[in-house]
>>> print(open('final.cif').read())   # mmCIF, C-alpha atoms
data_work
loop_
_atom_site.label_atom_id
_atom_site.label_comp_id
_atom_site.auth_asym_id
_atom_site.auth_seq_id
_atom_site.Cartn_x
_atom_site.Cartn_y
_atom_site.Cartn_z
CA MET L 1 0.00 0.00 0.00
CA LYS L 2 2.81 2.40 0.89
CA SER L 3 4.40 1.59 -2.45
CA ARG L 4 1.16 2.57 -4.22
CA ILE L 5 0.95 5.90 -2.38
CA LEU L 6 4.58 6.72 -3.22
CA LEU L 7 4.00 5.90 -6.87
CA PHE L 8 0.83 8.01 -6.89
CA PHE L 9 2.70 11.12 -5.76
CA LEU L 10 5.61 10.47 -8.10
CA ALA L 11 3.27 10.00 -11.07
CA LEU L 12 1.38 13.15 -10.11
CA ALA L 13 4.65 15.11 -9.95
CA VAL L 14 5.74 13.86 -13.38
CA TRP L 15 2.28 14.71 -14.75
CA ALA L 16 2.48 18.21 -13.30
CA LEU L 17 5.92 18.72 -14.86
CA LEU L 18 4.73 17.45 -18.23
CA ASN L 19 1.78 19.85 -18.14
CA TRP L 20 3.72 22.86 -16.96
CA THR L 21 2.27 25.32 -15.83
CA PRO L 22 -0.19 23.31 -13.74
CA ASP L 23 -3.77 24.54 -13.41
CA TRP L 24 -6.69 22.87 -11.66
CA GLN L 25 -8.11 21.17 -14.77
CA HIS L 26 -4.83 19.48 -15.60
CA MET L 27 -4.28 18.51 -12.00
CA LEU L 28 -7.78 17.00 -11.72
CA ILE L 29 -7.15 14.73 -14.70
CA GLY L 30 -3.67 14.07 -13.31
CA VAL L 31 -5.08 12.82 -10.03
CA PHE L 32 -7.22 10.27 -11.89
CA VAL L 33 -4.37 9.17 -14.17
CA ALA L 34 -1.90 8.88 -11.29
CA ALA L 35 -4.43 6.92 -9.24
CA PHE L 36 -4.98 4.52 -12.15
CA VAL L 37 -1.23 4.06 -12.66
CA ALA L 38 -0.69 3.53 -8.94
CA PHE L 39 -3.54 1.03 -8.81
CA MET L 40 -2.26 -0.99 -11.77
CA THR L 41 1.50 -1.06 -11.18
CA GLY L 42 1.94 0.18 -7.61
CA ASP L 43 3.06 -3.12 -6.14
CA LEU L 44 5.96 -3.32 -8.61
CA PHE L 45 7.41 0.05 -7.66
CA VAL L 46 9.22 -0.45 -4.35
CA ARG L 47 9.63 -3.56 -2.24
CA ARG L 48 10.86 -1.88 0.93
CA PRO L 49 9.08 1.50 1.26
CA HIS L 50 10.52 2.18 4.72
CA LEU L 51 13.89 2.93 3.07
CA PHE L 52 12.42 6.17 1.72
CA THR L 53 12.37 7.64 5.21
CA HIS L 54 16.14 7.36 5.76
CA LEU L 55 17.57 10.84 5.27
CA ASN L 56 21.22 9.82 4.89
CA ARG L 57 20.33 7.78 1.77
CA TYR L 58 19.28 11.00 0.03
CA LEU L 59 22.51 12.68 1.10
CA TRP L 60 24.54 9.80 -0.33
CA PHE L 61 22.50 10.09 -3.53
CA PHE L 62 23.42 13.77 -3.83
CA TYR L 63 27.05 12.78 -3.25
CA TYR L 64 26.74 10.13 -5.99
CA CYS L 65 25.29 12.46 -8.65
CA PRO L 66 28.33 14.73 -9.24
CA ILE L 67 30.68 11.74 -9.20
CA PHE L 68 28.50 10.03 -11.79
CA ILE L 69 28.33 13.11 -14.02
CA TRP L 70 32.09 13.58 -13.82
CA GLU L 71 32.70 9.93 -14.76
CA CYS L 72 30.21 10.31 -17.60
CA ILE L 73 32.06 13.30 -19.04
CA LYS L 74 35.38 11.47 -18.71
CA ALA L 75 33.84 8.49 -20.53
CA ASN L 76 32.77 10.68 -23.41
CA ILE L 77 36.17 12.30 -23.83
CA ASP L 78 37.74 8.83 -23.67
CA VAL L 79 35.46 7.43 -26.38
CA ALA L 80 35.84 10.55 -28.51
CA TYR L 81 39.64 10.19 -28.31
CA ARG L 82 39.50 6.52 -29.35
CA VAL L 83 37.11 7.15 -32.22
CA ILE L 84 38.96 10.16 -33.64
CA HIS L 85 42.45 8.63 -33.23
CA PRO L 86 43.59 7.32 -36.65
CA ASP L 87 44.88 3.98 -35.26
CA LEU L 88 41.68 3.19 -33.31
CA PRO L 89 43.42 2.21 -30.02
CA ILE L 90 41.14 -0.50 -28.61
CA HIS L 91 41.75 -3.84 -26.83
CA PRO L 92 38.20 -5.00 -26.18
CA GLY L 93 37.01 -8.00 -24.23
CA ILE L 94 34.37 -9.21 -21.79
CA VAL L 95 35.55 -9.51 -18.19
CA LYS L 96 33.86 -10.64 -15.00
CA VAL L 97 33.29 -8.25 -12.13
CA ARG L 98 32.29 -9.32 -8.65
CA THR L 99 29.61 -7.41 -6.79
CA SER L 100 28.29 -7.66 -3.26
CA LEU L 101 25.05 -5.78 -3.98
CA LYS L 102 21.88 -7.81 -3.64
CA SER L 103 18.80 -5.66 -4.23
CA ASP L 104 17.41 -5.20 -7.74
CA THR L 105 17.48 -1.41 -7.66
CA ALA L 106 21.09 -1.31 -6.55
CA LEU L 107 22.14 -3.80 -9.24
CA THR L 108 20.27 -1.83 -11.90
CA PHE L 109 21.95 1.40 -10.85
CA LEU L 110 25.35 -0.30 -10.73
CA ALA L 111 24.92 -1.77 -14.23
CA ASN L 112 23.71 1.58 -15.59
CA SER L 113 26.58 3.44 -13.95
CA ILE L 114 29.06 0.95 -15.39
CA THR L 115 27.57 1.41 -18.85
CA LEU L 116 27.88 5.19 -18.73
CA THR L 117 31.43 5.31 -17.33
CA PRO L 118 34.76 5.13 -19.17
CA GLY L 119 35.24 2.18 -21.50
CA THR L 120 32.78 -0.25 -19.95
CA LEU L 121 29.38 -1.68 -20.92
CA SER L 122 27.51 -4.17 -18.76
CA VAL L 123 26.43 -7.20 -20.81
CA ASP L 124 24.78 -9.45 -18.24
CA VAL L 125 24.06 -9.74 -14.54
CA ASP L 126 24.27 -13.05 -12.70
CA LYS L 127 22.39 -12.29 -9.52
CA GLU L 128 22.84 -15.68 -7.82
CA ASN L 129 26.64 -15.59 -7.97
CA GLY L 130 26.92 -11.82 -7.63
CA VAL L 131 28.78 -11.46 -10.93
CA LEU L 132 28.50 -8.83 -13.65
CA TYR L 133 29.81 -9.46 -17.17
CA VAL L 134 31.30 -6.24 -18.47
CA HIS L 135 32.47 -5.45 -21.98
CA TRP L 136 35.61 -3.37 -21.62
CA ILE L 137 36.97 -1.43 -24.57
CA GLU L 138 40.50 -1.37 -23.08
CA VAL L 139 41.06 -4.52 -20.99
CA LYS L 140 43.61 -3.53 -18.37
CA ASP L 141 43.31 -6.71 -16.29
CA LYS L 142 41.61 -10.06 -16.95
CA ASP L 143 41.69 -11.07 -13.30
CA ILE L 144 38.27 -10.83 -11.63
CA GLU L 145 39.44 -9.11 -8.43
CA LYS L 146 41.54 -6.47 -10.15
CA ALA L 147 38.83 -5.79 -12.73
CA THR L 148 36.36 -5.31 -9.88
CA GLY L 149 38.67 -2.75 -8.32
CA LEU L 150 39.05 -0.85 -11.57
CA VAL L 151 35.47 -0.96 -12.83
CA ALA L 152 32.90 -1.25 -10.07
CA GLU L 153 34.37 -0.38 -6.71
CA ARG L 154 34.02 3.39 -6.79
CA PHE L 155 30.24 3.14 -7.32
CA GLU L 156 29.57 0.04 -5.28
CA ARG L 157 30.69 1.70 -2.07
CA ILE L 158 28.20 4.55 -2.52
CA LEU L 159 25.33 2.52 -3.99
CA LYS L 160 25.48 0.16 -1.03
CA ARG L 161 24.80 3.08 1.27
CA ILE L 162 21.93 4.33 -0.90
CA PHE L 163 19.98 1.22 -1.82
CA GLU L 164 20.94 -1.71 0.40
CA MET A 1 24.60 35.70 -21.46
CA ILE A 2 22.52 32.69 -20.53
CA ASP A 3 21.61 32.27 -24.20
CA MET A 4 25.30 32.08 -25.06
CA LEU A 5 25.80 29.44 -22.37
CA GLY A 6 22.89 27.47 -23.82
CA LEU A 7 24.44 27.65 -27.28
CA VAL A 8 27.77 26.44 -25.87
CA PHE A 9 26.01 23.42 -24.35
CA ILE A 10 24.21 22.73 -27.64
CA SER A 11 27.51 22.91 -29.56
CA ILE A 12 29.19 20.48 -27.14
CA GLY A 13 26.21 18.16 -27.50
CA LEU A 14 26.37 18.29 -31.29
CA PHE A 15 30.09 17.48 -31.20
CA PHE A 16 29.56 14.43 -28.98
CA ASP A 17 26.60 13.24 -31.04
CA PHE A 18 28.78 13.49 -34.13
CA VAL A 19 31.57 11.51 -32.45
CA GLY A 20 29.05 8.88 -31.39
CA CYS A 21 27.85 8.46 -34.97
CA LEU A 22 31.44 8.37 -36.22
CA GLY A 23 32.16 5.62 -33.69
CA LEU A 24 29.18 3.70 -34.99
CA VAL A 25 30.88 3.63 -38.40
CA ARG A 26 34.51 3.20 -37.40
CA LEU A 27 34.50 0.68 -34.55
CA PRO A 28 34.70 -3.00 -35.48
CA ASP A 29 31.91 -4.93 -33.74
CA VAL A 30 28.49 -4.50 -32.17
CA TYR A 31 29.75 -4.23 -28.56
CA ASN A 32 32.27 -1.49 -29.29
CA ARG A 33 29.70 0.33 -31.37
CA LEU A 34 27.26 0.18 -28.50
CA GLN A 35 29.94 1.66 -26.25
CA ALA A 36 30.40 4.65 -28.52
CA SER A 37 26.75 5.19 -29.28
CA THR A 38 25.49 4.79 -25.70
CA LYS A 39 28.00 7.05 -24.00
CA CYS A 40 28.41 9.77 -26.57
CA ILE A 41 24.81 9.98 -27.66
CA THR A 42 23.49 9.98 -24.09
CA LEU A 43 25.70 12.83 -22.96
CA GLY A 44 25.47 14.60 -26.31
CA THR A 45 21.69 14.59 -26.37
CA CYS A 46 21.47 15.48 -22.68
CA SER A 47 23.76 18.41 -23.34
CA ILE A 48 21.59 19.62 -26.23
CA LEU A 49 18.47 19.30 -24.08
CA PHE A 50 20.15 21.15 -21.21
CA GLY A 51 21.14 23.92 -23.61
CA ALA A 52 17.52 24.15 -24.74
CA PHE A 53 16.46 24.37 -21.09
CA LEU A 54 18.92 27.19 -20.44
CA ILE A 55 17.66 29.16 -23.43
CA HIS A 56 13.95 28.68 -22.67
CA GLY A 57 14.04 28.72 -18.86
CA PHE A 58 11.25 27.41 -16.63
CA VAL A 59 8.49 27.23 -19.25
CA ALA A 60 6.73 24.20 -20.73
CA ALA A 61 9.51 23.41 -23.21
CA GLY A 62 12.33 23.82 -20.68
CA ILE A 63 10.71 21.59 -18.08
CA LYS A 64 10.04 18.91 -20.72
CA ALA A 65 13.70 19.06 -21.75
CA LEU A 66 14.74 18.41 -18.14
CA LEU A 67 12.35 15.45 -17.92
CA CYS A 68 13.75 14.08 -21.18
CA ILE A 69 17.27 14.20 -19.68
CA LEU A 70 16.08 12.18 -16.70
CA PHE A 71 14.35 9.51 -18.79
CA LEU A 72 17.21 9.33 -21.29
CA VAL A 73 19.77 8.72 -18.55
CA LEU A 74 17.56 6.02 -17.04
CA THR A 75 16.64 4.18 -20.24
CA SER A 76 19.57 4.40 -22.62
CA PRO A 77 21.98 2.20 -20.61
CA VAL A 78 19.19 -0.34 -20.10
CA SER A 79 18.55 -0.59 -23.83
CA ALA A 80 22.30 -0.88 -24.52
CA HIS A 81 22.50 -3.69 -21.98
CA ALA A 82 19.54 -5.47 -23.58
CA LEU A 83 21.06 -5.14 -27.07
CA ALA A 84 24.49 -6.36 -25.96
CA ARG A 85 23.03 -9.35 -24.12
CA ALA A 86 20.73 -10.26 -27.00
CA ALA A 87 23.61 -9.99 -29.47
CA HIS A 88 25.79 -12.28 -27.38
CA LYS A 89 23.00 -14.80 -26.83
CA SER A 90 22.27 -14.96 -30.54
CA GLY A 91 25.91 -15.76 -31.26
CA VAL A 92 27.48 -12.51 -32.43
CA LYS A 93 31.25 -12.94 -32.02
CA LEU A 94 33.58 -10.32 -30.59
CA CYS A 95 35.96 -8.76 -33.10
CA GLU A 96 39.47 -10.22 -33.69
CA GLU A 97 41.23 -7.60 -31.57
CA SER A 98 39.38 -8.86 -28.50
CA VAL A 99 41.60 -10.30 -25.80
CA VAL A 100 39.17 -12.17 -23.57
CA ASP A 101 35.54 -13.33 -23.46
CA ARG A 102 34.65 -14.53 -19.97
CA TYR A 103 30.96 -14.56 -20.85
CA ALA A 104 31.40 -17.28 -23.49
CA GLU A 105 33.86 -19.16 -21.24
CA ASP A 106 31.17 -19.41 -18.59
CA GLY A 107 28.92 -21.12 -21.09
CA ASN A 108 26.35 -18.40 -21.75
#
>>> encode(input="final.cif", output="structure tokens")
Amino acid sequence: MKSRILLFFLALAVWALLNWTPDWQHMLIGVFVAAFVAFMTGDLFVRRPHLFTHLNRYLWFFYYCPIFIWECIKANIDVAYRVIHPDLPIHPGIVKVRTSLKSDTALTFLANSITLTPGTLSVDVDKENGVLYVHWIEVKDKDIEKATGLVAERFERILKRIFE
Amino acid sequence: MIDMLGLVFISIGLFFDFVGCLGLVRLPDVYNRLQASTKCITLGTCSILFGAFLIHGFVAAGIKALLCILFLVLTSPVSAHALARAAHKSGVKLCEESVVDRYAEDGN
């Protein structure tokens, strides 16, 4: 039920932003649409709603955002350099990366972060064994532990505090 | 002033979008191409949208641009992941320069 209420308010907020500037007619329709969405898909939204009340998770999220954006910009400059360079300097391969994250949201965010950061693209997630398969455009180390340190560790530390 | 800043963001975005498309042509196999297209086109398009937001400000178009950034950042890596996984499952090989394929070694 809590999950449905959270989704209702989130859907209403997105509706209000889509119909900027909000007036009462738009908002009235929005209430009905958000209620319908919350009724249909509310139980899929969050499994553990009580986590939304922890303030320090939001603070860690705000700490994560600039790091993520910085890594994203670095990734773009890296790819741009490789693509424009006449010799095309790539040594691609798929490596394994170990992860200790368990919850679905955290794994999704980790895989997305890996995809948008320098040289890496997550190919598959093996949740049972806690392993991510990552395509790496410049394989620096084939060993699982060292690859984990180079690819995933900087995000995992923060994501654990946000989502676990 | 803020218009100039918006134009700078749009120019950066156009450059990265161009590089992403160039990577799509130049890189050897589907995985490397996905790397180039996902990263460059995500940031490039986000940068263009952010430039549009700066120029328009907090009106209908600007707010929609911000929402587009949010949804793009959430969905584009997911679609890249789905494409890469589907390609590997359907037997697309890595290019010859590749040094290691742990995914195939593990029998997937």
>>> resolve_selection(input="final.cif", expression="the PyMOL selection byres ((chain A) within 6 of (chain L))", output="list in words")
Val19, Gly23, Lys39, Cys40, Ala60, Pro77, His81, Ala84, Arg85, Ser98, Val99, Val100, Asp101 and Arg102 of chain A
>>> residues_around(input="final.cif", residues="Arg98 (chain L)", least_positions_apart="5", cutoff="9 Å", atoms="only C-alpha atoms", output="ChimeraX atom specification")
/L:129-133,144-145,147-148,152
>>> closest_residue(input="final.cif", among="A:Val30, A:Leu74, A:Ile69, A:Ala61", to="Cys95 (chain A)", atoms="all atoms listed in the file")
A:Val30
>>> atom_distance(input="final.cif", atom1="CA of Ile5 (chain L)", atom2="CA of Ser76 (chain A)")
27.5 Å
>>> atom_distance(input="final.cif", atom1="CA of Val92 (chain A)", atom2="CA of Gln35 (chain A)")
15.7 Å
>>> atom_distance(input="final.cif", atom1="CA of Val31 (chain L)", atom2="CA of Ala11 (chain L)")
8.9 Å
>>> resolve_selection(input="final.cif", expression="the PyMOL selection byres ((chain L and resi 45) around 12)", output="PyMOL selection string")
chain L and resi 1-8+10-11+37-44+46-49+104-105
>>> closest_residue(input="final.cif", among="A:Leu54, A:Val8, A:Ile48, A:Cys21", to="Arg33 (chain A)", atoms="all atoms listed in the file")
A:Cys21
>>> residues_around(input="final.cif", residues="Pro28 (chain A)", least_positions_apart="6", cutoff="9 Å", atoms="only C-alpha atoms", output="PyMOL selection string")
chain A and resi 94-97
>>> closest_residue(input="final.cif", among="A:Met4, A:Ile55, A:Leu22, A:Cys68", to="Thr42 (chain A)", atoms="only C-alpha atoms")
A:Cys68
>>> resolve_selection(input="final.cif", expression="the PyMOL selection byres ((chain L and resi 157) around 12)", output="MDAnalysis selection string")
chainID L and resid 60:61 63:64 99:101 106 110 148:149 152:156 158:164
>>> axis_aligned_box(input="final.cif", around="region 96-101 of chain L", padding_each_side="4 Å", output="JSON")
{"center_x": 29.5, "center_y": -8.2, "center_z": -9.1, "size_x": 16.8, "size_y": 12.9, "size_z": 19.7}
>>> closest_residue(input="final.cif", among="A:Val25, A:Ile2, A:Ala104, A:Cys46", to="Leu70 (chain A)", atoms="all atoms listed in the file")
A:Cys46
>>> closest_residue(input="final.cif", among="A:Phe50, A:Phe16, A:Tyr103, A:Phe58", to="Asp126 (chain L)", atoms="only C-alpha atoms")
A:Tyr103
>>> build_atoms(input="final.cif", residues="region 6-21 of chain A", atoms="N, CA, C and O atoms", output="compact mmCIF listing (two decimals), keeping the file's coordinate frame")
# COMPACT_ATOMS: atom_id res chain seq x y z
N GLY A 6 23.72 28.52 -23.22
CA GLY A 6 22.89 27.47 -23.82
C GLY A 6 23.44 27.04 -25.16
O GLY A 6 23.51 25.84 -25.46
N LEU A 7 23.88 27.99 -25.97
CA LEU A 7 24.44 27.65 -27.28
C LEU A 7 25.72 26.85 -27.14
O LEU A 7 25.98 25.93 -27.92
N VAL A 8 26.53 27.21 -26.11
CA VAL A 8 27.77 26.44 -25.87
C VAL A 8 27.42 24.98 -25.56
O VAL A 8 28.00 24.05 -26.12
N PHE A 9 26.41 24.79 -24.68
CA PHE A 9 26.01 23.42 -24.35
C PHE A 9 25.51 22.68 -25.59
O PHE A 9 25.82 21.50 -25.80
N ILE A 10 24.74 23.38 -26.44
CA ILE A 10 24.21 22.73 -27.64
C ILE A 10 25.35 22.35 -28.58
O ILE A 10 25.36 21.26 -29.17
N SER A 11 26.38 23.23 -28.69
CA SER A 11 27.51 22.91 -29.56
C SER A 11 28.27 21.69 -29.05
O SER A 11 28.62 20.79 -29.83
N ILE A 12 28.51 21.64 -27.71
CA ILE A 12 29.19 20.48 -27.14
C ILE A 12 28.39 19.21 -27.43
O ILE A 12 28.93 18.18 -27.84
N GLY A 13 27.06 19.32 -27.25
CA GLY A 13 26.21 18.16 -27.50
C GLY A 13 26.29 17.70 -28.95
O GLY A 13 26.37 16.51 -29.22
N LEU A 14 26.29 18.66 -29.87
CA LEU A 14 26.37 18.29 -31.29
C LEU A 14 27.69 17.59 -31.58
O LEU A 14 27.73 16.59 -32.31
N PHE A 15 28.78 18.10 -30.97
CA PHE A 15 30.09 17.48 -31.20
C PHE A 15 30.07 16.03 -30.73
O PHE A 15 30.48 15.11 -31.45
N PHE A 16 29.54 15.79 -29.50
CA PHE A 16 29.56 14.43 -28.98
C PHE A 16 28.61 13.52 -29.76
O PHE A 16 28.92 12.34 -29.97
N ASP A 17 27.49 14.05 -30.20
CA ASP A 17 26.60 13.24 -31.04
C ASP A 17 27.29 12.83 -32.33
O ASP A 17 27.19 11.70 -32.79
N PHE A 18 28.05 13.79 -32.89
CA PHE A 18 28.78 13.49 -34.13
C PHE A 18 29.81 12.40 -33.88
O PHE A 18 29.94 11.45 -34.66
N VAL A 19 30.56 12.53 -32.75
CA VAL A 19 31.57 11.51 -32.45
C VAL A 19 30.92 10.15 -32.25
O VAL A 19 31.44 9.12 -32.69
N GLY A 20 29.75 10.15 -31.60
CA GLY A 20 29.05 8.88 -31.39
C GLY A 20 28.68 8.23 -32.71
O GLY A 20 28.87 7.02 -32.89
N CYS A 21 28.21 9.02 -33.66
CA CYS A 21 27.85 8.46 -34.97
C CYS A 21 29.09 7.99 -35.71
O CYS A 21 29.08 6.95 -36.37
